[in-house]
file structure.txt (compact mmCIF, C-alpha atoms and all ligand atoms)
# COMPACT_ATOMS: atom_id res chain seq x y z
CA MET H 1 20.69 14.54 -0.28
CA LYS H 2 18.59 14.47 2.85
CA ASP H 3 19.87 12.74 6.00
CA PHE H 4 18.03 9.53 6.79
CA ASN H 5 17.53 6.52 9.09
CA PHE H 6 16.86 3.23 7.35
CA TYR H 7 15.07 0.62 9.48
CA ALA H 8 13.77 -2.61 7.93
CA PRO H 9 13.61 -5.19 10.73
CA THR H 10 11.28 -7.75 9.07
CA GLU H 11 12.70 -11.23 8.36
CA VAL H 12 11.72 -12.07 4.78
CA VAL H 13 11.34 -15.75 3.88
CA PHE H 14 10.85 -15.85 0.12
CA GLY H 15 10.17 -18.68 -2.33
CA LYS H 16 8.34 -21.87 -3.20
CA GLU H 17 9.11 -23.66 0.06
CA SER H 18 8.74 -20.64 2.32
CA GLU H 19 5.49 -21.65 4.05
CA LYS H 20 7.16 -24.73 5.56
CA GLN H 21 8.89 -22.44 8.06
CA ILE H 22 5.78 -20.78 9.52
CA SER H 23 5.55 -22.62 12.86
CA GLN H 24 9.31 -22.37 13.35
CA LEU H 25 9.16 -18.62 12.74
CA ILE H 26 6.24 -18.14 15.14
CA ARG H 27 8.25 -19.88 17.86
CA LYS H 28 11.37 -17.90 17.02
CA TYR H 29 9.46 -14.66 17.68
CA GLY H 30 7.93 -15.87 20.94
CA GLY H 31 4.48 -17.01 19.77
CA THR H 32 2.81 -19.80 21.75
CA LYS H 33 -0.93 -19.13 21.14
CA VAL H 34 -1.88 -17.62 17.82
CA LEU H 35 -4.65 -15.54 16.28
CA LEU H 36 -5.03 -16.71 12.66
CA HIS H 37 -6.32 -13.66 10.84
CA TYR H 38 -7.48 -13.77 7.21
CA GLY H 39 -9.85 -12.31 4.60
CA GLY H 40 -12.98 -13.42 2.78
CA GLN H 41 -12.45 -16.46 0.57
CA SER H 42 -9.10 -16.69 -1.15
CA ALA H 43 -6.96 -18.26 1.62
CA ARG H 44 -9.61 -20.89 2.28
CA ARG H 45 -10.27 -21.60 -1.41
CA SER H 46 -6.58 -22.05 -2.26
CA GLY H 47 -6.01 -24.51 0.58
CA LEU H 48 -3.43 -22.23 2.19
CA LEU H 49 -5.44 -21.81 5.37
CA ASP H 50 -5.81 -25.57 5.85
CA GLU H 51 -2.11 -26.08 5.24
CA VAL H 52 -1.20 -23.48 7.86
CA LYS H 53 -3.66 -24.94 10.38
CA ALA H 54 -2.27 -28.45 9.83
CA GLN H 55 1.25 -27.17 10.35
CA LEU H 56 0.39 -25.36 13.60
CA THR H 57 -1.47 -28.41 14.91
CA ALA H 58 1.49 -30.65 14.11
CA ALA H 59 3.79 -28.20 15.93
CA ASN H 60 1.46 -28.08 18.98
CA ILE H 61 0.75 -24.38 18.58
CA PRO H 62 -2.87 -23.65 19.58
CA PHE H 63 -4.74 -21.05 17.56
CA THR H 64 -8.04 -19.19 17.26
CA GLU H 65 -9.36 -18.10 13.86
CA LEU H 66 -10.73 -14.74 12.83
CA GLY H 67 -11.55 -14.46 9.12
CA GLY H 68 -13.73 -12.03 7.21
CA VAL H 69 -11.37 -9.06 6.85
CA VAL H 70 -12.71 -6.98 3.95
CA PRO H 71 -10.64 -4.92 1.47
CA ASN H 72 -10.22 -1.45 3.03
CA PRO H 73 -10.35 -3.12 6.49
CA VAL H 74 -12.76 -1.85 9.09
CA LEU H 75 -12.48 -0.85 12.73
CA SER H 76 -15.34 -3.09 13.90
CA LYS H 77 -13.34 -6.19 12.83
CA VAL H 78 -10.33 -4.82 14.71
CA TYR H 79 -12.42 -4.51 17.90
CA GLU H 80 -13.59 -8.10 17.39
CA GLY H 81 -9.96 -9.25 17.10
CA ILE H 82 -8.93 -7.39 20.25
CA ASP H 83 -11.76 -9.08 22.20
CA ILE H 84 -10.80 -12.54 20.94
CA VAL H 85 -7.10 -12.12 21.72
CA ARG H 86 -7.94 -10.99 25.26
CA ARG H 87 -10.54 -13.72 25.75
CA ASP H 88 -8.21 -16.53 24.63
CA SER H 89 -4.98 -15.03 26.05
CA LEU H 90 -3.26 -15.22 22.65
CA ASP H 91 0.27 -13.86 22.27
CA PHE H 92 0.95 -13.75 18.51
CA ILE H 93 -0.96 -12.77 15.35
CA LEU H 94 -0.46 -14.52 12.02
CA ALA H 95 -1.98 -12.52 9.15
CA ILE H 96 -2.71 -14.53 5.99
CA GLY H 97 -3.58 -12.25 3.08
CA GLY H 98 -2.74 -8.83 1.71
CA GLY H 99 -2.56 -5.28 2.97
CA SER H 100 -6.07 -5.36 4.37
CA VAL H 101 -5.50 -8.40 6.57
CA ILE H 102 -2.01 -7.27 7.61
CA ASP H 103 -3.27 -3.78 8.52
CA SER H 104 -6.16 -5.27 10.49
CA ALA H 105 -3.62 -7.43 12.34
CA LYS H 106 -1.43 -4.39 13.10
CA ALA H 107 -4.42 -2.50 14.50
CA ILE H 108 -5.38 -5.46 16.69
CA GLY H 109 -1.75 -5.65 17.84
CA TYR H 110 -1.75 -1.98 18.88
CA GLY H 111 -5.19 -2.22 20.46
CA ILE H 112 -4.32 -5.14 22.72
CA CYS H 113 -1.48 -3.20 24.29
CA TYR H 114 -3.60 -0.10 24.96
CA ASP H 115 -6.31 0.55 27.53
CA GLY H 116 -8.13 3.19 25.47
CA ASP H 117 -9.81 3.04 22.05
CA VAL H 118 -7.40 1.87 19.33
CA TRP H 119 -8.90 4.52 16.99
CA ASP H 120 -7.04 7.10 19.12
CA PHE H 121 -3.87 6.21 17.17
CA TYR H 122 -5.55 6.87 13.82
CA SER H 123 -7.20 10.10 14.91
CA GLY H 124 -3.88 11.36 16.29
CA LYS H 125 -4.97 11.43 19.92
CA ALA H 126 -2.36 8.93 21.15
CA GLN H 127 0.90 7.18 20.23
CA ALA H 128 1.32 3.41 20.64
CA LYS H 129 3.85 2.31 23.25
CA SER H 130 3.79 -1.33 22.28
CA CYS H 131 2.36 -3.87 19.80
CA MET H 132 1.76 -7.61 19.97
CA PRO H 133 4.22 -9.53 17.73
CA ILE H 134 2.82 -10.21 14.24
CA GLY H 135 3.98 -12.29 11.28
CA CYS H 136 2.35 -12.64 7.87
CA VAL H 137 1.92 -14.92 4.90
CA LEU H 138 1.54 -12.54 1.97
CA THR H 139 -0.89 -13.57 -0.79
CA ILE H 140 -1.08 -10.37 -2.87
CA PRO H 141 1.81 -8.04 -3.69
CA ALA H 142 0.41 -4.51 -3.52
CA ALA H 143 0.19 -2.51 -0.29
CA GLY H 144 3.70 -3.35 0.95
CA SER H 145 2.38 -3.60 4.50
CA GLU H 146 4.50 -6.73 5.02
CA MET H 147 7.59 -4.52 5.39
CA SER H 148 6.10 -1.07 6.01
CA TYR H 149 5.35 0.85 9.17
CA GLY H 150 1.97 1.92 7.74
CA CYS H 151 -1.46 0.75 8.78
CA VAL H 152 -4.68 2.03 7.18
CA ILE H 153 -8.05 1.41 8.82
CA THR H 154 -11.55 2.58 7.92
CA ASN H 155 -13.82 3.61 10.76
CA ASP H 156 -17.03 1.99 9.56
CA LYS H 157 -19.18 4.26 11.74
CA THR H 158 -17.83 7.53 10.31
CA GLN H 159 -16.44 6.33 6.92
CA ARG H 160 -13.09 7.95 7.66
CA LYS H 161 -10.07 6.02 6.35
CA TRP H 162 -6.99 7.06 8.29
CA SER H 163 -3.40 5.84 8.55
CA TYR H 164 -1.20 5.28 11.54
CA ASN H 165 2.53 5.00 10.91
CA CYS H 166 4.55 3.33 13.65
CA ASP H 167 7.62 1.06 13.69
CA LEU H 168 6.21 -1.04 16.55
CA GLY H 169 3.71 -2.72 14.25
CA ARG H 170 6.25 -3.93 11.69
CA MET H 171 6.05 -7.62 10.86
CA LYS H 172 8.47 -9.91 12.70
CA PHE H 173 8.51 -12.06 9.58
CA ALA H 174 6.94 -12.08 6.12
CA VAL H 175 6.53 -15.38 4.29
CA MET H 176 6.24 -14.78 0.53
CA ASN H 177 5.58 -17.50 -2.00
CA PRO H 178 4.97 -16.15 -5.52
CA LEU H 179 3.07 -19.37 -6.40
CA ARG H 180 0.31 -18.19 -4.06
CA THR H 181 -0.33 -15.17 -6.25
CA TYR H 182 -1.25 -17.21 -9.38
CA THR H 183 -4.92 -17.18 -8.30
CA LEU H 184 -5.18 -13.38 -8.23
CA PRO H 185 -7.81 -11.91 -10.55
CA ALA H 186 -6.29 -9.74 -13.30
CA TYR H 187 -7.82 -6.59 -11.79
CA GLN H 188 -6.18 -7.23 -8.38
CA THR H 189 -2.84 -8.00 -10.05
CA ALA H 190 -3.02 -4.73 -12.00
CA ALA H 191 -4.15 -2.69 -8.99
CA GLY H 192 -1.27 -4.22 -7.02
CA VAL H 193 1.26 -3.29 -9.70
CA THR H 194 -0.12 0.27 -9.69
CA ASP H 195 0.13 0.55 -5.91
CA ILE H 196 3.67 -0.88 -5.83
CA MET H 197 4.88 1.60 -8.45
CA MET H 198 3.09 4.45 -6.68
CA HIS H 199 4.87 3.72 -3.38
CA THR H 200 8.16 4.41 -5.11
CA MET H 201 6.81 7.30 -7.22
CA GLU H 202 5.58 8.99 -4.04
CA ARG H 203 9.22 9.08 -2.92
CA TYR H 204 10.75 9.84 -6.32
CA PHE H 205 8.99 13.13 -6.96
CA SER H 206 10.75 15.35 -4.45
CA HIS H 207 12.91 18.44 -4.38
CA HIS H 208 16.03 16.38 -3.58
CA ASP H 209 17.67 15.81 -6.96
CA ASP H 210 21.02 14.56 -5.75
CA MET H 211 20.32 11.02 -4.54
CA LEU H 212 21.87 9.17 -7.48
CA LEU H 213 21.87 5.67 -6.01
CA THR H 214 18.32 5.92 -4.64
CA ASP H 215 17.16 7.19 -8.04
CA ALA H 216 18.84 4.30 -9.83
CA ILE H 217 17.22 1.76 -7.46
CA ALA H 218 13.84 3.46 -7.81
CA GLU H 219 13.97 3.64 -11.61
CA ALA H 220 15.04 -0.01 -11.91
CA LEU H 221 12.25 -1.05 -9.56
CA LEU H 222 9.68 0.95 -11.52
CA ARG H 223 10.82 -0.39 -14.91
CA THR H 224 10.90 -3.98 -13.66
CA VAL H 225 7.49 -3.95 -11.96
CA LYS H 226 5.95 -2.15 -14.92
CA GLU H 227 7.36 -4.57 -17.49
CA CYS H 228 6.58 -7.71 -15.45
CA GLY H 229 3.15 -6.37 -14.53
CA GLU H 230 2.18 -5.94 -18.14
CA LYS H 231 3.52 -9.38 -19.12
CA VAL H 232 2.01 -11.29 -16.20
CA LEU H 233 -1.53 -10.35 -17.21
CA HIS H 234 -0.99 -12.49 -20.33
CA ASP H 235 1.00 -15.16 -18.48
CA PRO H 236 -0.44 -15.35 -14.94
CA GLU H 237 1.37 -18.55 -13.94
CA ASN H 238 4.86 -17.33 -14.75
CA TYR H 239 6.89 -17.72 -11.55
CA GLN H 240 9.67 -15.33 -12.62
CA LEU H 241 7.23 -12.51 -13.32
CA ARG H 242 5.20 -13.08 -10.15
CA ALA H 243 8.41 -13.21 -8.08
CA GLN H 244 9.77 -9.90 -9.40
CA ILE H 245 6.47 -8.17 -8.66
CA MET H 246 6.23 -9.67 -5.17
CA TRP H 247 9.73 -8.66 -4.13
CA GLY H 248 9.26 -5.29 -5.83
CA GLY H 249 6.18 -4.73 -3.69
CA SER H 250 8.17 -5.08 -0.49
CA LEU H 251 11.13 -2.97 -1.61
CA ALA H 252 8.84 -0.24 -2.93
CA HIS H 253 7.42 0.43 0.51
CA ASN H 254 10.10 -0.55 3.05
CA ASN H 255 11.67 2.92 2.76
CA LEU H 256 14.61 1.77 0.60
CA THR H 257 13.55 4.17 -2.15
CA GLU H 258 13.10 6.97 0.39
CA CYS H 259 16.77 7.15 1.45
CA GLY H 260 17.87 10.72 0.82
CA THR H 261 14.52 11.89 -0.51
CA GLN H 262 11.45 13.44 1.04
CA LYS H 263 8.27 11.42 0.64
CA ASP H 264 5.22 13.08 -0.84
CA PHE H 265 2.24 10.70 -0.56
CA ALA H 266 -0.31 13.29 -1.71
CA THR H 267 -1.83 10.91 -4.29
CA HIS H 268 -2.30 8.42 -1.45
CA GLY H 269 -3.96 11.04 0.72
CA LEU H 270 -6.34 11.96 -2.09
CA GLU H 271 -7.06 8.29 -2.86
CA HIS H 272 -7.85 7.23 0.69
CA GLU H 273 -10.85 9.55 0.60
CA LEU H 274 -12.06 7.93 -2.63
CA SER H 275 -11.80 4.39 -1.24
CA ALA H 276 -13.40 5.50 2.06
CA MET H 277 -16.37 7.05 0.22
CA PHE H 278 -16.84 4.59 -2.66
CA GLY H 279 -15.12 1.39 -1.46
CA VAL H 280 -12.94 1.23 -4.59
CA THR H 281 -9.74 -0.82 -4.83
CA HIS H 282 -6.88 1.30 -3.52
CA GLY H 283 -4.53 0.76 -6.51
CA ALA H 284 -7.26 1.58 -9.01
CA GLY H 285 -8.07 4.76 -7.09
CA LEU H 286 -4.42 5.81 -7.31
CA ALA H 287 -4.37 5.27 -11.08
CA ALA H 288 -7.51 7.40 -11.43
CA LEU H 289 -5.85 10.36 -9.69
CA TRP H 290 -2.14 10.29 -10.44
CA GLY H 291 -2.17 11.94 -13.87
CA SER H 292 -4.18 14.89 -12.55
CA TRP H 293 -1.89 15.27 -9.53
CA ALA H 294 1.18 15.10 -11.80
CA ARG H 295 -0.06 17.77 -14.22
CA TYR H 296 -1.04 20.00 -11.30
CA VAL H 297 2.32 19.86 -9.46
CA MET H 298 4.94 19.15 -12.16
CA HIS H 299 6.22 22.73 -12.35
CA GLU H 300 7.54 22.38 -8.81
CA ASN H 301 10.33 20.25 -10.33
CA ILE H 302 9.84 19.82 -14.06
CA THR H 303 13.23 18.17 -14.65
CA ARG H 304 12.31 15.32 -12.32
CA PHE H 305 9.14 14.61 -14.24
CA ALA H 306 11.18 14.72 -17.47
CA GLN H 307 13.75 12.34 -15.95
CA PHE H 308 10.94 9.96 -14.94
CA ALA H 309 9.51 10.11 -18.48
CA VAL H 310 12.86 9.24 -20.07
CA ASN H 311 14.34 6.76 -17.56
CA VAL H 312 11.18 4.89 -16.57
CA LEU H 313 8.83 5.22 -19.53
CA GLY H 314 11.27 5.46 -22.42
CA VAL H 315 10.04 8.85 -23.67
CA ARG H 316 12.53 10.57 -26.04
CA ASN H 317 14.16 13.48 -24.25
CA ASN H 318 13.32 16.86 -25.71
CA PHE H 319 16.20 18.81 -24.12
CA LYS H 320 14.84 22.12 -25.34
CA ASP H 321 11.46 21.54 -23.76
CA PRO H 322 11.48 19.54 -20.48
CA GLU H 323 7.80 20.35 -19.96
CA GLN H 324 6.94 18.58 -23.21
CA THR H 325 8.98 15.55 -22.11
CA ALA H 326 7.29 15.58 -18.68
CA LEU H 327 3.81 15.77 -20.20
CA GLU H 328 4.57 12.92 -22.59
CA GLY H 329 5.66 10.89 -19.54
CA VAL H 330 2.35 11.46 -17.76
CA ALA H 331 0.47 10.48 -20.92
CA ALA H 332 2.64 7.35 -21.27
CA MET H 333 1.88 6.39 -17.66
CA GLU H 334 -1.85 6.80 -18.27
CA ALA H 335 -1.58 4.71 -21.43
CA PHE H 336 0.10 2.02 -19.32
CA TYR H 337 -2.78 2.15 -16.81
CA HIS H 338 -5.22 1.61 -19.64
CA ARG H 339 -3.19 -1.28 -21.07
CA ILE H 340 -3.34 -3.12 -17.72
CA GLY H 341 -7.05 -2.40 -17.22
CA MET H 342 -6.71 0.43 -14.72
CA PRO H 343 -8.66 3.72 -14.89
CA ALA H 344 -7.02 7.09 -15.51
CA SER H 345 -9.88 9.24 -14.21
CA ILE H 346 -12.65 9.17 -11.59
CA PRO H 347 -15.43 8.48 -14.14
CA GLU H 348 -13.42 5.51 -15.44
CA LEU H 349 -13.01 4.33 -11.84
CA ILE H 350 -16.58 4.49 -10.58
CA GLY H 351 -18.59 4.66 -13.78
CA ARG H 352 -19.93 8.19 -13.48
CA THR H 353 -18.88 11.80 -12.98
CA LEU H 354 -19.00 12.98 -9.36
CA THR H 355 -21.19 15.92 -8.38
CA GLU H 356 -19.60 19.17 -7.20
CA ASP H 357 -20.93 18.43 -3.69
CA GLU H 358 -19.17 15.06 -3.69
CA LEU H 359 -15.91 16.67 -4.82
CA ILE H 360 -16.20 19.25 -2.03
CA THR H 361 -16.80 16.49 0.53
CA LEU H 362 -13.72 14.61 -0.71
CA ALA H 363 -11.54 17.74 -0.43
CA ASP H 364 -13.00 18.63 2.94
CA ASN H 365 -12.35 15.15 4.34
CA CYS H 366 -8.86 15.04 2.84
CA SER H 367 -7.93 18.37 4.40
CA ARG H 368 -9.65 17.35 7.67
CA GLY H 369 -11.95 20.34 7.46
CA LYS H 370 -9.31 22.65 5.89
CA THR H 371 -6.94 22.11 8.84
CA ILE H 372 -4.10 20.20 7.15
CA THR H 373 -2.10 20.14 3.93
CA ILE H 374 -0.80 16.97 2.27
CA GLY H 375 2.26 16.29 0.13
CA ASN H 376 5.73 17.77 0.03
CA LEU H 377 6.71 18.40 -3.58
CA LYS H 378 3.86 20.88 -3.38
CA LYS H 379 1.98 21.19 -0.12
CA LEU H 380 -1.63 20.79 -1.20
CA THR H 381 -4.23 22.93 0.52
CA TYR H 382 -7.98 22.33 0.44
CA ASP H 383 -8.20 24.43 -2.76
CA ASP H 384 -5.46 22.40 -4.46
CA MET H 385 -7.15 19.14 -3.46
CA LEU H 386 -10.45 20.30 -4.90
CA ALA H 387 -8.75 21.41 -8.11
CA ILE H 388 -7.09 17.99 -8.54
CA TYR H 389 -10.33 16.10 -7.82
CA ARG H 390 -12.04 18.32 -10.41
CA MET H 391 -9.32 17.61 -13.00
CA ALA H 392 -9.59 13.86 -12.36
CA ASN H 393 -13.38 14.07 -12.68
CA GLN H 394 -13.23 14.96 -16.41
O1 LIG H 401 -10.55 -11.38 1.05
P1 LIG H 401 -9.99 -12.38 0.13
O2 LIG H 401 -10.96 -13.43 -0.27
O3 LIG H 401 -8.69 -12.95 0.63
O4 LIG H 401 -9.69 -11.64 -1.29
C1 LIG H 401 -8.70 -10.64 -1.46
C2 LIG H 401 -9.29 -9.25 -1.65
O5 LIG H 401 -10.57 -9.33 -2.20
C3 LIG H 401 -8.00 -10.88 -2.77
N1 LIG H 401 -6.84 -11.77 -2.67
C4 LIG H 401 -5.76 -11.66 -1.87
N2 LIG H 401 -4.88 -12.63 -2.15
C5 LIG H 401 -5.42 -13.38 -3.13
C6 LIG H 401 -6.68 -12.84 -3.46
N3 LIG H 401 -7.47 -13.38 -4.42
C7 LIG H 401 -7.01 -14.47 -5.07
N4 LIG H 401 -5.80 -15.03 -4.80
C8 LIG H 401 -4.96 -14.51 -3.87
N5 LIG H 401 -3.76 -15.04 -3.65
O6 LIG H 401 -7.52 -9.61 -3.18
C9 LIG H 401 -8.41 -8.61 -2.71
C10 LIG H 401 -7.63 -7.43 -2.20
O7 LIG H 401 -6.91 -7.74 -1.03
P2 LIG H 401 -6.36 -6.56 -0.10
O8 LIG H 401 -5.64 -7.16 1.05
O9 LIG H 401 -7.46 -5.59 0.17
O10 LIG H 401 -5.33 -5.86 -1.11
P3 LIG H 401 -4.10 -4.92 -0.85
O11 LIG H 401 -2.90 -5.68 -0.47
O12 LIG H 401 -4.05 -4.05 -2.03
O13 LIG H 401 -4.48 -4.03 0.44
C11 LIG H 401 -5.27 -2.87 0.32
C12 LIG H 401 -5.34 -2.14 1.63
O14 LIG H 401 -4.03 -1.75 2.09
C13 LIG H 401 -4.02 -0.33 2.31
C14 LIG H 401 -5.02 0.17 1.31
O15 LIG H 401 -5.44 1.49 1.57
C15 LIG H 401 -6.14 -0.85 1.47
O16 LIG H 401 -6.90 -0.58 2.63
N6 LIG H 401 -2.64 0.17 2.21
C16 LIG H 401 -1.80 -0.14 3.22
C17 LIG H 401 -0.51 0.33 3.26
C18 LIG H 401 0.40 -0.01 4.38
N7 LIG H 401 -0.10 -0.65 5.43
O17 LIG H 401 1.59 0.33 4.37
C19 LIG H 401 0.02 1.20 2.20
C20 LIG H 401 -0.81 1.25 0.98
O18 LIG H 401 -0.55 2.45 0.32
C21 LIG H 401 -2.27 1.13 1.20
O19 LIG H 401 -2.87 2.36 1.54
ZN ZN H 402 -0.63 2.38 -1.62
call {"tool": "encode", "arguments": {"input": "structure.txt", "output": "structure tokens"}}
result
Amino acid sequence: MKDFNFYAPTEVVFGKESEKQISQLIRKYGGTKVLLHYGGQSARRSGLLDEVKAQLTAANIPFTELGGVVPNPVLSKVYEGIDIVRRDSLDFILAIGGGSVIDSAKAIGYGICYDGDVWDFYSGKAQAKSCMPIGCVLTIPAAGSEMSYGCVITNDKTQRKWSYNCDLGRMKFAVMNPLRTYTLPAYQTAAGVTDIMMHTMERYFSHHDDMLLTDAIAEALLRTVKECGEKVLHDPENYQLRAQIMWGGSLAHNNLTECGTQKDFATHGLEHELSAMFGVTHGAGLAALWGSWARYVMHENITRFAQFAVNVLGVRNNFKDPEQTALEGVAAMEAFYHRIGMPASIPELIGRTLTEDELITLADNCSRGKTITIGNLKKLTYDDMLAIYRMANQ
């Protein structure tokens, strides 16, 4: 078992009445003038935005609004947010939405506390020394950004989608009301379930086989989110199901299932290039790639893939042939993706086969011009990345 630090400083306020505490929480974490940051339509359409505004007004907390964050959030919106916060001397950001809005808020928070270009953090030129305090009202369980140290931004000039991982940007609080997720379209629910499971799978497939408790937590999380995810598509207003998925989303990406393991995140690295180039939904992009990644790397630790097949997917263990068990597990996972309306290949994701030139561009971008590897179970070079993109393109 690998040594680890576990740091999860976000105050989680979970349940049907959770939003009532928003103004109190902003004050608790020092906010006096707030940037209300949100996405395209959903927060306005559901009435959530109006409710939050009424609550802040009643509590005498002034605010400025900045909506219009798009899925796969862009740098130009981050710059706009930084300008507004400086112009209005705001001191707190409230993100209302999902991973895209929360990540945009994190980037604004880093940018305000930095004299240079905030993109420097994403391109690896600089490390943040500080971040403006941020809280969120989560409306879609998926990215896990409400408790993670991750932040993924797309530079809309260069179409590069890069992450910056830093504890300073972690949410001060995360308000989570499963009722707010009833309005999610089935596709977003399914993509969210895929992303949640992937955050734990990216930590499960490692060379460290001796973390019994972490494995048990991870497998229970995966089984629960998978089962509830499949059921909720037929019963979208079931509070119990929505609640399990929402809490699962936070635990899947707050590092709990990383204790004692070594994270991999190669599927994520490969996917970020797909969503940068084609604007696809992140979770769907992961589903399109995972099976190919799994078949490509499984011999690095075949017993782990067999364990996953048996303990998470209910495949019958063929003790004489762990490879057979592992392969049945990958097929069962892909069958699950299909049952919830997710793709299991690139053509299923974007509706056509990519050209060889496009595959080469993806691999080149992912390896940053053949200068980096990704993943840990197997460190993927440019050639490995290209091979996996090719497999997923069939
Ligand atoms: O823009 P609106 O109108 O709000 O619509 C959104 C958006 O179209 C909609 N939506 C959200 N809540 C809703 C709703 N529709 C109806 N009812 C509701 N209650 O859902 C769509 C997707 O929202 P988005 O925030 O983009 O989804 P998600 O949470 O999946 O975030 C995706 C982004 O997070 C990044 C992804 O790469 C992608 O850019 N990630 C961030 C991570 C992190 N910070 O730790 C880790 C992840 O692996 C991921 O990479
Ligand atoms: Zn993800």
call {"tool": "residues_near_ligand", "arguments": {"input": "structure.txt", "ligand": "ligand ZN 402 (chain H)", "cutoff": "6 Å", "atoms": "all atoms listed in the file", "output": "list in words"}}
result
Ala143, Asp195 and His199 of chain H
call {"tool": "residues_near_ligand", "arguments": {"input": "structure.txt", "ligand": "ligand LIG 401 (chain H)", "cutoff": "6 Å", "atoms": "only C-alpha atoms and all ligand atoms", "output": "mmCIF file with C-alpha atoms, in the frame of the given file"}}
result
data_model
loop_
_atom_site.group_PDB
_atom_site.id
_atom_site.type_symbol
_atom_site.label_atom_id
_atom_site.label_comp_id
_atom_site.auth_asym_id
_atom_site.auth_seq_id
_atom_site.Cartn_x
_atom_site.Cartn_y
_atom_site.Cartn_z
ATOM 1 C CA GLY H 39 -9.850 -12.310 4.600
ATOM 2 C CA GLY H 40 -12.980 -13.420 2.780
ATOM 3 C CA GLN H 41 -12.450 -16.460 0.570
ATOM 4 C CA SER H 42 -9.100 -16.690 -1.150
ATOM 5 C CA ALA H 43 -6.960 -18.260 1.620
ATOM 6 C CA VAL H 70 -12.710 -6.980 3.950
ATOM 7 C CA PRO H 71 -10.640 -4.920 1.470
ATOM 8 C CA ASN H 72 -10.220 -1.450 3.030
ATOM 9 C CA PRO H 73 -10.350 -3.120 6.490
ATOM 10 C CA GLY H 97 -3.580 -12.250 3.080
ATOM 11 C CA GLY H 98 -2.740 -8.830 1.710
ATOM 12 C CA GLY H 99 -2.560 -5.280 2.970
ATOM 13 C CA SER H 100 -6.070 -5.360 4.370
ATOM 14 C CA VAL H 101 -5.500 -8.400 6.570
ATOM 15 C CA ASP H 103 -3.270 -3.780 8.520
ATOM 16 C CA THR H 139 -0.890 -13.570 -0.790
ATOM 17 C CA ILE H 140 -1.080 -10.370 -2.870
ATOM 18 C CA ALA H 142 0.410 -4.510 -3.520
ATOM 19 C CA ALA H 143 0.190 -2.510 -0.290
ATOM 20 C CA GLY H 144 3.700 -3.350 0.950
ATOM 21 C CA SER H 145 2.380 -3.600 4.500
ATOM 22 C CA SER H 148 6.100 -1.070 6.010
ATOM 23 C CA GLY H 150 1.970 1.920 7.740
ATOM 24 C CA CYS H 151 -1.460 0.750 8.780
ATOM 25 C CA VAL H 152 -4.680 2.030 7.180
ATOM 26 C CA ARG H 180 0.310 -18.190 -4.060
ATOM 27 C CA THR H 181 -0.330 -15.170 -6.250
ATOM 28 C CA THR H 183 -4.920 -17.180 -8.300
ATOM 29 C CA LEU H 184 -5.180 -13.380 -8.230
ATOM 30 C CA GLN H 188 -6.180 -7.230 -8.380
ATOM 31 C CA GLY H 192 -1.270 -4.220 -7.020
ATOM 32 C CA HIS H 282 -6.880 1.300 -3.520
#
call {"tool": "atom_distance", "arguments": {"input": "structure.txt", "atom1": "atom CA of Tyr79 of chain H", "atom2": "atom CA of Asp50 of chain H"}}
result
25.1 Å
call {"tool": "residues_around", "arguments": {"input": "structure.txt", "residues": "segment 115-121 of chain H", "least_positions_apart": "2", "cutoff": "10 Å", "atoms": "only C-alpha atoms", "output": "ChimeraX atom specification"}}
result
/H:75,78-79,82,107-113,123-128,153-155,162-166
call {"tool": "closest_residue", "arguments": {"input": "structure.txt", "among": "H:Met198, H:Ala105, H:Leu270, H:Leu179", "to": "Glu219 of chain H", "atoms": "all atoms listed in the file"}}
result
H:Met198
call {"tool": "closest_residue", "arguments": {"input": "structure.txt", "among": "H:Gly135, H:Gly15, H:Gly68, H:Gly269", "to": "Asn376 of chain H", "atoms": "only C-alpha atoms"}}
result
H:Gly269
call {"tool": "residues_near_point", "arguments": {"input": "structure.txt", "point": "(-13.2, 9.5, -7.7)", "cutoff": "9 Å", "atoms": "only C-alpha atoms", "output": "ChimeraX atom specification"}}
result
/H:271,273-275,277-278,280,285,288-289,345-350,352-354,359,362,389,392-393
call {"tool": "residues_near_point", "arguments": {"input": "structure.txt", "point": "(-3.5, -23.1, 7.8)", "cutoff": "10 Å", "atoms": "all atoms listed in the file", "output": "mmCIF file with C-alpha atoms, in the coordinates of the input"}}
result
data_model
loop_
_atom_site.group_PDB
_atom_site.id
_atom_site.type_symbol
_atom_site.label_atom_id
_atom_site.label_comp_id
_atom_site.auth_asym_id
_atom_site.auth_seq_id
_atom_site.Cartn_x
_atom_site.Cartn_y
_atom_site.Cartn_z
ATOM 1 C CA GLU H 19 5.490 -21.650 4.050
ATOM 2 C CA ILE H 22 5.780 -20.780 9.520
ATOM 3 C CA LEU H 36 -5.030 -16.710 12.660
ATOM 4 C CA ALA H 43 -6.960 -18.260 1.620
ATOM 5 C CA ARG H 44 -9.610 -20.890 2.280
ATOM 6 C CA GLY H 47 -6.010 -24.510 0.580
ATOM 7 C CA LEU H 48 -3.430 -22.230 2.190
ATOM 8 C CA LEU H 49 -5.440 -21.810 5.370
ATOM 9 C CA ASP H 50 -5.810 -25.570 5.850
ATOM 10 C CA GLU H 51 -2.110 -26.080 5.240
ATOM 11 C CA VAL H 52 -1.200 -23.480 7.860
ATOM 12 C CA LYS H 53 -3.660 -24.940 10.380
ATOM 13 C CA ALA H 54 -2.270 -28.450 9.830
ATOM 14 C CA GLN H 55 1.250 -27.170 10.350
ATOM 15 C CA LEU H 56 0.390 -25.360 13.600
ATOM 16 C CA THR H 57 -1.470 -28.410 14.910
ATOM 17 C CA GLU H 65 -9.360 -18.100 13.860
ATOM 18 C CA ILE H 96 -2.710 -14.530 5.990
#
